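Encoded as structure tokens, the structure appears first; notes follow it.
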Amino acid sequence: MKHQYAISSLFFILSFYICAQSVDKHVDMGEYTMHFKIIKGEGTPILFEAGGGDDSTVWDPILQKIHDATGATLISYDRSGFGKSELNPKLKNEADFGIENGIKELEAGLSKLGYTDKIMLVSHSYGGLYNLLYARKHPKKVTALVLIDVTLSDFWNEELLTMRDMNIDISAIPKPSGDYYMNANFNKIMRDVRGLKFPESMPILNIFPENSFPGFPEILSNRWRELHQELGAQNQNITNSIAKGSSHGVFQDNPALVINAINKMYAETLDKNQQNIVLKKALAIAMELAIETKSTNRSENDLIALGYSFLGNAELDKALEVFKVNIALFAESSNAYDSYGEALLIADQKPEAIEMYTKSIELDPNNENAKAVLLKMKEE
């Protein structure tokens with residue numbers, strides 16, 4: 001009955017959420033327009049930067065739940081020549097359409113919309129380079145970043161650029177278009193950003209899968225993975241998060257992981273009172289997402305990761321609630337009971353912890369960790 005109550009109380013909390021409407025804004029840039037999509041909220045806005053060749057629509061499936069938790073203004077947009085944004089007719093040469101111009105257009109568009117102060121950034125793939133340049137240009141404005149399998153500045157060395165040139169026929173890409181100009185400037189952009197680093201002044205969560213490009217040459221996939229691993233290992237302000245079972249489109253393969261990560265990262269930029277409010281909502285949404293995706297192991301692992309993140313922040317009550325729901329959802333998982341047992345032990349609830357570890361061993365007789373913990377508790 002206590003597990004049933006935990007789930008029903010979750011839906012009670014969720015019933016208070018009100019869906020906010022996304023509003024399309026066609027910003028007059030002088031001779032052309034840029035398309036922004038905005039869910040209006042309060043506090044620091046979150047800007048979503050799509051990958052190369054994509055537009056704002058790729059973010060649509062995950063925005064509502066992020067808004068539900070954070071209450072923030074969410075901004076996605078189409079870069080010049082993509083989606084509903086027009087190309088700038090003032091630009092005459094191919095080189096004029098590079099990423100530096102893209103940053104200037106983004107800044108101008110945000111300014112016209114009134115977003116000129118603090119901002120949190122989220123990006124995918126090629127969009128990570130936009131986050132990199134924007135963060136370097138405005139280090140005092142960017143509160144945090146969430147990078148979703150982004151293109152890192154040092155990835156495209158000369159060997160890989162040569163390999164790319166042999167496999168990309170730019171003449172086959174329709175012109176004029178954003179896609180054409182992005183590819184026409186690709187090599188120069190990658191050389192220009194090479195060696196650039198994210199500022200050390202801001203917290204960064206770097207999410208990437210174990211294998212971003214299955215089926216691609218190993219020289220590509222291995223280098224991509226190794227650079228991402230090094231990013232978190234070599235920078236104290238950057239935390240790596242591996243999205244198991246996902247490919248390059250992590251937010252499509254495992255939306256719950258990305259939604260939970262963005263919600264938690266946003267909460268960490270707030271003061272303690274606001275943080276508690278956002279984390280409470282984020283917790284309810286994390287559980288809702290786990291229920292929705294109960295048919296996969298990802299939701300179980302995401303909840304376990306969320307529970308341990310609360311433990312790491314000394315938020316024991318929230319951790320216990322997460323682990324309790326996890327065993328209700330995944331009653332046949334030894335790992336779920338093991339994790340709940342650990343949290344109960346930390347909470348000095350020894351009889352309940354013994355019960356959880358015992359159940360974990362019943363489900364997995366090879367769980368040596370649970371056996372060792374039980375033995376130690378019985379000897380005390």
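Letters A, B, ... go to the chains of the structure tokens in the order shown; residues in each chain start at 1; ligands are counted from 1 in the same order.
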
Item to complete: Looking only at alpha helix (DSSP H) from DSSP on the backbone, list the matching residues of region 15-248 of chain A as number ranges by chain.
Response: A: 60-70, 99-113, 127-137, 158-167, 178-184, 186-193, 218-233

Residue with smallest distance to Asp192 (chain A) - pool A:Gly41, A:Gly245, A:Gly98, A:Pro89, counting only C-alpha atoms =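 The shortest atom-to-atom distance to Asp192 (chain A) comes from A:Gly98.
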
Could you name the residues that touch region 129-146 of chain A at 9 Å or less, counting only C-alpha atoms, but leaving out those on the same chain fewer than 5 positions away, as a PyMOL selection string? chain A and resi 44+49+99-100+102-103+107+116-124+151-153+193+196-199+201-207+258+261-262+265-266+268-269

Those same residues - N, CA and C atoms - I'd like them written as a CSV table (one decimal), in the first residue's frame.
chain,number,residue,atom,x,y,z
A,44,THR,N,15.5,33.2,-15.0
A,44,THR,CA,16.5,33.1,-16.1
A,44,THR,C,15.9,32.2,-17.2
A,49,GLU,N,19.7,25.3,-28.5
A,49,GLU,CA,20.4,25.4,-29.8
A,49,GLU,C,20.4,24.1,-30.5
A,99,ILE,N,29.7,31.0,-38.7
A,99,ILE,CA,29.1,30.9,-37.3
A,99,ILE,C,29.2,32.2,-36.6
A,100,GLU,N,30.3,33.1,-36.9
A,100,GLU,CA,30.4,34.3,-36.2
A,100,GLU,C,29.1,35.2,-36.5
A,102,GLY,N,26.3,34.0,-37.4
A,102,GLY,CA,25.1,33.3,-36.7
A,102,GLY,C,25.0,33.8,-35.3
A,103,ILE,N,26.1,34.0,-34.6
A,103,ILE,CA,26.1,34.5,-33.2
A,103,ILE,C,25.6,35.9,-33.2
A,107,GLU,N,22.2,37.2,-31.2
A,107,GLU,CA,22.3,38.2,-30.2
A,107,GLU,C,21.3,39.3,-30.6
A,116,THR,N,18.3,40.1,-22.8
A,116,THR,CA,19.7,40.6,-22.9
A,116,THR,C,20.5,40.3,-21.6
A,117,ASP,N,19.9,39.7,-20.6
A,117,ASP,CA,20.6,39.5,-19.3
A,117,ASP,C,21.0,38.0,-19.2
A,118,LYS,N,20.9,37.5,-18.0
A,118,LYS,CA,21.3,36.1,-17.7
A,118,LYS,C,20.6,35.1,-18.5
A,119,ILE,N,21.3,34.0,-18.9
A,119,ILE,CA,20.6,33.0,-19.7
A,119,ILE,C,21.3,31.6,-19.5
A,120,MET,N,20.6,30.6,-19.6
A,120,MET,CA,21.1,29.2,-19.5
A,120,MET,C,21.1,28.6,-20.9
A,121,LEU,N,22.1,27.9,-21.3
A,121,LEU,CA,22.2,27.4,-22.7
A,121,LEU,C,22.1,25.8,-22.7
A,122,VAL,N,21.4,25.3,-23.7
A,122,VAL,CA,21.3,23.9,-24.0
A,122,VAL,C,21.6,23.7,-25.5
A,123,SER,N,22.4,22.7,-25.8
A,123,SER,CA,22.7,22.5,-27.2
A,123,SER,C,22.9,21.1,-27.6
A,124,HIS,N,22.7,20.8,-28.9
A,124,HIS,CA,22.9,19.4,-29.4
A,124,HIS,C,23.9,19.5,-30.6
A,151,THR,N,29.3,18.7,-30.8
A,151,THR,CA,30.6,18.8,-31.5
A,151,THR,C,31.6,19.5,-30.7
A,152,LEU,N,32.7,18.9,-30.4
A,152,LEU,CA,33.7,19.6,-29.6
A,152,LEU,C,34.7,20.3,-30.5
A,153,SER,N,35.3,21.4,-30.0
A,153,SER,CA,36.1,22.3,-30.8
A,153,SER,C,37.3,21.6,-31.5
A,193,VAL,N,37.5,27.4,-34.6
A,193,VAL,CA,37.1,27.1,-33.2
A,193,VAL,C,38.1,26.2,-32.6
A,196,LEU,N,39.6,26.3,-28.8
A,196,LEU,CA,38.8,27.1,-27.9
A,196,LEU,C,38.2,26.3,-26.8
A,197,LYS,N,38.1,26.8,-25.6
A,197,LYS,CA,37.6,26.1,-24.4
A,197,LYS,C,36.4,26.9,-23.8
A,198,PHE,N,35.6,26.2,-23.2
A,198,PHE,CA,34.5,26.8,-22.4
A,198,PHE,C,35.1,27.5,-21.2
A,199,PRO,N,34.5,28.7,-20.8
A,199,PRO,CA,34.9,29.4,-19.7
A,199,PRO,C,34.8,28.5,-18.4
A,201,SER,N,34.2,29.5,-15.5
A,201,SER,CA,33.4,30.2,-14.6
A,201,SER,C,32.0,29.7,-14.5
A,202,MET,N,31.6,28.8,-15.4
A,202,MET,CA,30.2,28.3,-15.4
A,202,MET,C,30.1,26.8,-15.3
A,203,PRO,N,29.1,26.3,-14.6
A,203,PRO,CA,28.9,24.8,-14.5
A,203,PRO,C,28.4,24.3,-15.8
A,204,ILE,N,28.9,23.1,-16.2
A,204,ILE,CA,28.5,22.5,-17.5
A,204,ILE,C,28.3,21.0,-17.2
A,205,LEU,N,27.1,20.6,-17.8
A,205,LEU,CA,26.8,19.1,-17.8
A,205,LEU,C,27.0,18.7,-19.2
A,206,ASN,N,27.9,17.7,-19.4
A,206,ASN,CA,28.2,17.2,-20.7
A,206,ASN,C,27.6,15.7,-20.9
A,207,ILE,N,26.5,15.6,-21.6
A,207,ILE,CA,25.8,14.3,-21.8
A,207,ILE,C,26.2,13.7,-23.1
A,258,VAL,N,17.4,13.6,-20.5
A,258,VAL,CA,17.7,15.0,-20.8
A,258,VAL,C,16.9,15.9,-20.1
A,261,ALA,N,18.0,16.1,-16.5
A,261,ALA,CA,19.3,16.7,-16.4
A,261,ALA,C,19.1,18.3,-16.5
A,262,ILE,N,18.3,18.7,-17.4
A,262,ILE,CA,18.1,20.2,-17.6
A,262,ILE,C,17.4,20.7,-16.4
A,265,MET,N,19.9,20.9,-13.5
A,265,MET,CA,21.0,21.9,-13.8
A,265,MET,C,20.4,23.3,-13.5
A,266,TYR,N,19.2,23.5,-14.0
A,266,TYR,CA,18.6,24.8,-13.8
A,266,TYR,C,18.4,25.1,-12.3
A,268,GLU,N,20.1,24.1,-9.9
A,268,GLU,CA,21.4,24.4,-9.2
A,268,GLU,C,21.8,25.9,-9.4
A,269,THR,N,21.2,26.6,-10.3
A,269,THR,CA,21.6,28.0,-10.5
A,269,THR,C,20.8,28.9,-9.6

Tell me, which residues of region 161-366 of chain A carry DSSP strand (DSSP E), written as a ChimeraX atom specification? /A:204-209,238-243

Contacts between region 58-69 of chain A and region 229-294 of chain A, please, where a residue of region 229-294 of chain A counts if it comes within 9 Å (with only C-alpha atoms); show its shortest atom pair and distance in Å to one decimal, rows by chain and ascending number, as a Markdown table.
| residue | atom | partner | partner_atom | distance |
| --- | --- | --- | --- | --- |
| A:Phe251 | CA | A:Ile62 | CA | 7.9 |
| A:Gln252 | CA | A:Pro61 | CA | 8.5 |
| A:Pro255 | CA | A:Ile62 | CA | 6.7 |
| A:Ala256 | CA | A:Ile62 | CA | 8.5 |
| A:Val258 | CA | A:Ile62 | CA | 8.4 |
| A:Ile259 | CA | A:Ile66 | CA | 6.1 |
| A:Asn260 | CA | A:Ile66 | CA | 8.1 |
| A:Ile262 | CA | A:Ile66 | CA | 7.3 |
| A:Asn263 | CA | A:Ile66 | CA | 6.1 |
| A:Ile277 | CA | A:Ala69 | CA | 8.6 |
| A:Val278 | CA | A:Ala69 | CA | 5.7 |
| A:Leu279 | CA | A:Ala69 | CA | 7.5 |
| A:Lys280 | CA | A:Ala69 | CA | 8.1 |
| A:Lys281 | CA | A:Ala69 | CA | 4.9 |
| A:Ala282 | CA | A:Ala69 | CA | 5.0 |
| A:Leu283 | CA | A:Ala69 | CA | 8.5 |
| A:Ala284 | CA | A:Ala69 | CA | 8.6 |
| A:Ile285 | CA | A:Lys65 | CA | 7.1 |

So that I have them on file, write out the residues from the current selection with N, CA and C atoms, as a PDB file, in the first residue's frame.
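Below is the file result-v8.pdb, written as the result:
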ATOM      1  N   PHE A 251      18.414  13.219 -26.813  1.00  0.00           N
ATOM      2  CA  PHE A 251      17.138  13.757 -26.329  1.00  0.00           C
ATOM      3  C   PHE A 251      15.941  13.128 -27.029  1.00  0.00           C
ATOM      4  N   GLN A 252      16.183  12.426 -28.134  1.00  0.00           N
ATOM      5  CA  GLN A 252      15.122  11.677 -28.808  1.00  0.00           C
ATOM      6  C   GLN A 252      15.097  10.230 -28.328  1.00  0.00           C
ATOM      7  N   PRO A 255      14.540  10.860 -23.808  1.00  0.00           N
ATOM      8  CA  PRO A 255      14.122  12.209 -23.392  1.00  0.00           C
ATOM      9  C   PRO A 255      14.081  12.393 -21.887  1.00  0.00           C
ATOM     10  N   ALA A 256      13.733  11.339 -21.149  1.00  0.00           N
ATOM     11  CA  ALA A 256      13.651  11.467 -19.689  1.00  0.00           C
ATOM     12  C   ALA A 256      14.992  11.881 -19.103  1.00  0.00           C
ATOM     13  N   VAL A 258      17.427  13.572 -20.497  1.00  0.00           N
ATOM     14  CA  VAL A 258      17.749  14.963 -20.844  1.00  0.00           C
ATOM     15  C   VAL A 258      16.864  15.936 -20.070  1.00  0.00           C
ATOM     16  N   ILE A 259      15.572  15.644 -20.000  1.00  0.00           N
ATOM     17  CA  ILE A 259      14.649  16.507 -19.249  1.00  0.00           C
ATOM     18  C   ILE A 259      15.065  16.604 -17.790  1.00  0.00           C
ATOM     19  N   ASN A 260      15.352  15.459 -17.171  1.00  0.00           N
ATOM     20  CA  ASN A 260      15.764  15.454 -15.772  1.00  0.00           C
ATOM     21  C   ASN A 260      17.062  16.230 -15.570  1.00  0.00           C
ATOM     22  N   ILE A 262      18.343  18.711 -17.444  1.00  0.00           N
ATOM     23  CA  ILE A 262      18.141  20.152 -17.606  1.00  0.00           C
ATOM     24  C   ILE A 262      17.433  20.742 -16.398  1.00  0.00           C
ATOM     25  N   ASN A 263      16.401  20.051 -15.916  1.00  0.00           N
ATOM     26  CA  ASN A 263      15.670  20.534 -14.739  1.00  0.00           C
ATOM     27  C   ASN A 263      16.589  20.658 -13.526  1.00  0.00           C
ATOM     28  N   ILE A 277      11.825  24.422  -4.552  1.00  0.00           N
ATOM     29  CA  ILE A 277      10.566  24.403  -5.289  1.00  0.00           C
ATOM     30  C   ILE A 277      10.740  23.687  -6.625  1.00  0.00           C
ATOM     31  N   VAL A 278      11.806  24.066  -7.348  1.00  0.00           N
ATOM     32  CA  VAL A 278      12.049  23.467  -8.665  1.00  0.00           C
ATOM     33  C   VAL A 278      12.382  21.984  -8.535  1.00  0.00           C
ATOM     34  N   LEU A 279      13.202  21.631  -7.552  1.00  0.00           N
ATOM     35  CA  LEU A 279      13.580  20.224  -7.386  1.00  0.00           C
ATOM     36  C   LEU A 279      12.380  19.355  -7.031  1.00  0.00           C
ATOM     37  N   LYS A 280      11.450  19.907  -6.262  1.00  0.00           N
ATOM     38  CA  LYS A 280      10.247  19.143  -5.926  1.00  0.00           C
ATOM     39  C   LYS A 280       9.441  18.842  -7.189  1.00  0.00           C
ATOM     40  N   LYS A 281       9.284  19.849  -8.044  1.00  0.00           N
ATOM     41  CA  LYS A 281       8.563  19.644  -9.300  1.00  0.00           C
ATOM     42  C   LYS A 281       9.345  18.710 -10.219  1.00  0.00           C
ATOM     43  N   ALA A 282      10.661  18.904 -10.259  1.00  0.00           N
ATOM     44  CA  ALA A 282      11.505  18.057 -11.112  1.00  0.00           C
ATOM     45  C   ALA A 282      11.431  16.604 -10.682  1.00  0.00           C
ATOM     46  N   LEU A 283      11.366  16.375  -9.371  1.00  0.00           N
ATOM     47  CA  LEU A 283      11.252  15.016  -8.848  1.00  0.00           C
ATOM     48  C   LEU A 283       9.964  14.360  -9.311  1.00  0.00           C
ATOM     49  N   ALA A 284       8.850  15.096  -9.222  1.00  0.00           N
ATOM     50  CA  ALA A 284       7.568  14.545  -9.652  1.00  0.00           C
ATOM     51  C   ALA A 284       7.586  14.213 -11.141  1.00  0.00           C
ATOM     52  N   ILE A 285       8.187  15.094 -11.935  1.00  0.00           N
ATOM     53  CA  ILE A 285       8.253  14.863 -13.382  1.00  0.00           C
ATOM     54  C   ILE A 285       9.172  13.687 -13.698  1.00  0.00           C
TER      55      ILE A 285
END

Counting only C-alpha atoms, the residue among A:Ser80, A:Gly249, A:Val322, A:Lys264 that lies closest to Pro214 (chain A) is A:Gly249

- Check the smallest atom-to-atom distance from each of A:Gly83, A:Pro365, A:Gly71, A:Pro209 to Ala50 (chain A) using only C-alpha atoms, then report the winner.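 Closest to Ala50 (chain A), using only C-alpha atoms: A:Gly83.
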
Counting only C-alpha atoms, which residue out of A:Asp364, A:Tyr115, A:Lys350, A:Met163 sits closest to Lys378 (chain A)?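 Among A:Asp364, A:Tyr115, A:Lys350, A:Met163, it is A:Lys350 that comes nearest to Lys378 (chain A).
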
Counting only C-alpha atoms, closest pick from A:Asp302, A:Asp28, A:Asp154, A:Glu159 relative to Ala108 (chain A) is A:Asp28

- prompt: Excluding same-chain residues fewer than 3 positions from Glu342 (chain A), what lies within 9 Å of it counting only C-alpha atoms, as a PyMOL selection string?
  reply: chain A and resi 337-339+345-347+353+356-357+373

Residues of the last selection are to be written out with C-alpha atoms, as a PDB file, in the first residue's frame.
ATOM      1  CA  TYR A 337      16.177  -2.788  -3.846  1.00  0.00           C
ATOM      2  CA  ASP A 338      19.939  -2.555  -3.324  1.00  0.00           C
ATOM      3  CA  SER A 339      19.902   1.209  -3.951  1.00  0.00           C
ATOM      4  CA  LEU A 345      20.978   2.663   5.831  1.00  0.00           C
ATOM      5  CA  ILE A 346      22.211   6.242   5.423  1.00  0.00           C
ATOM      6  CA  ALA A 347      18.894   7.380   6.956  1.00  0.00           C
ATOM      7  CA  ALA A 353      17.477  -1.494   5.017  1.00  0.00           C
ATOM      8  CA  MET A 356      15.589  -4.235   1.108  1.00  0.00           C
ATOM      9  CA  TYR A 357      19.009  -5.907   0.932  1.00  0.00           C
ATOM     10  CA  VAL A 373      26.393  -5.127   3.761  1.00  0.00           C
TER      11      VAL A 373
END

For Thr57 (chain A), the closest of A:Leu87, A:Ala290, A:Thr70, A:Asp24 counting only C-alpha atoms is A:Asp24

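Note that CA of Ile327 (chain A) and CA of Ser360 (chain A) are 10.4 Å apart.
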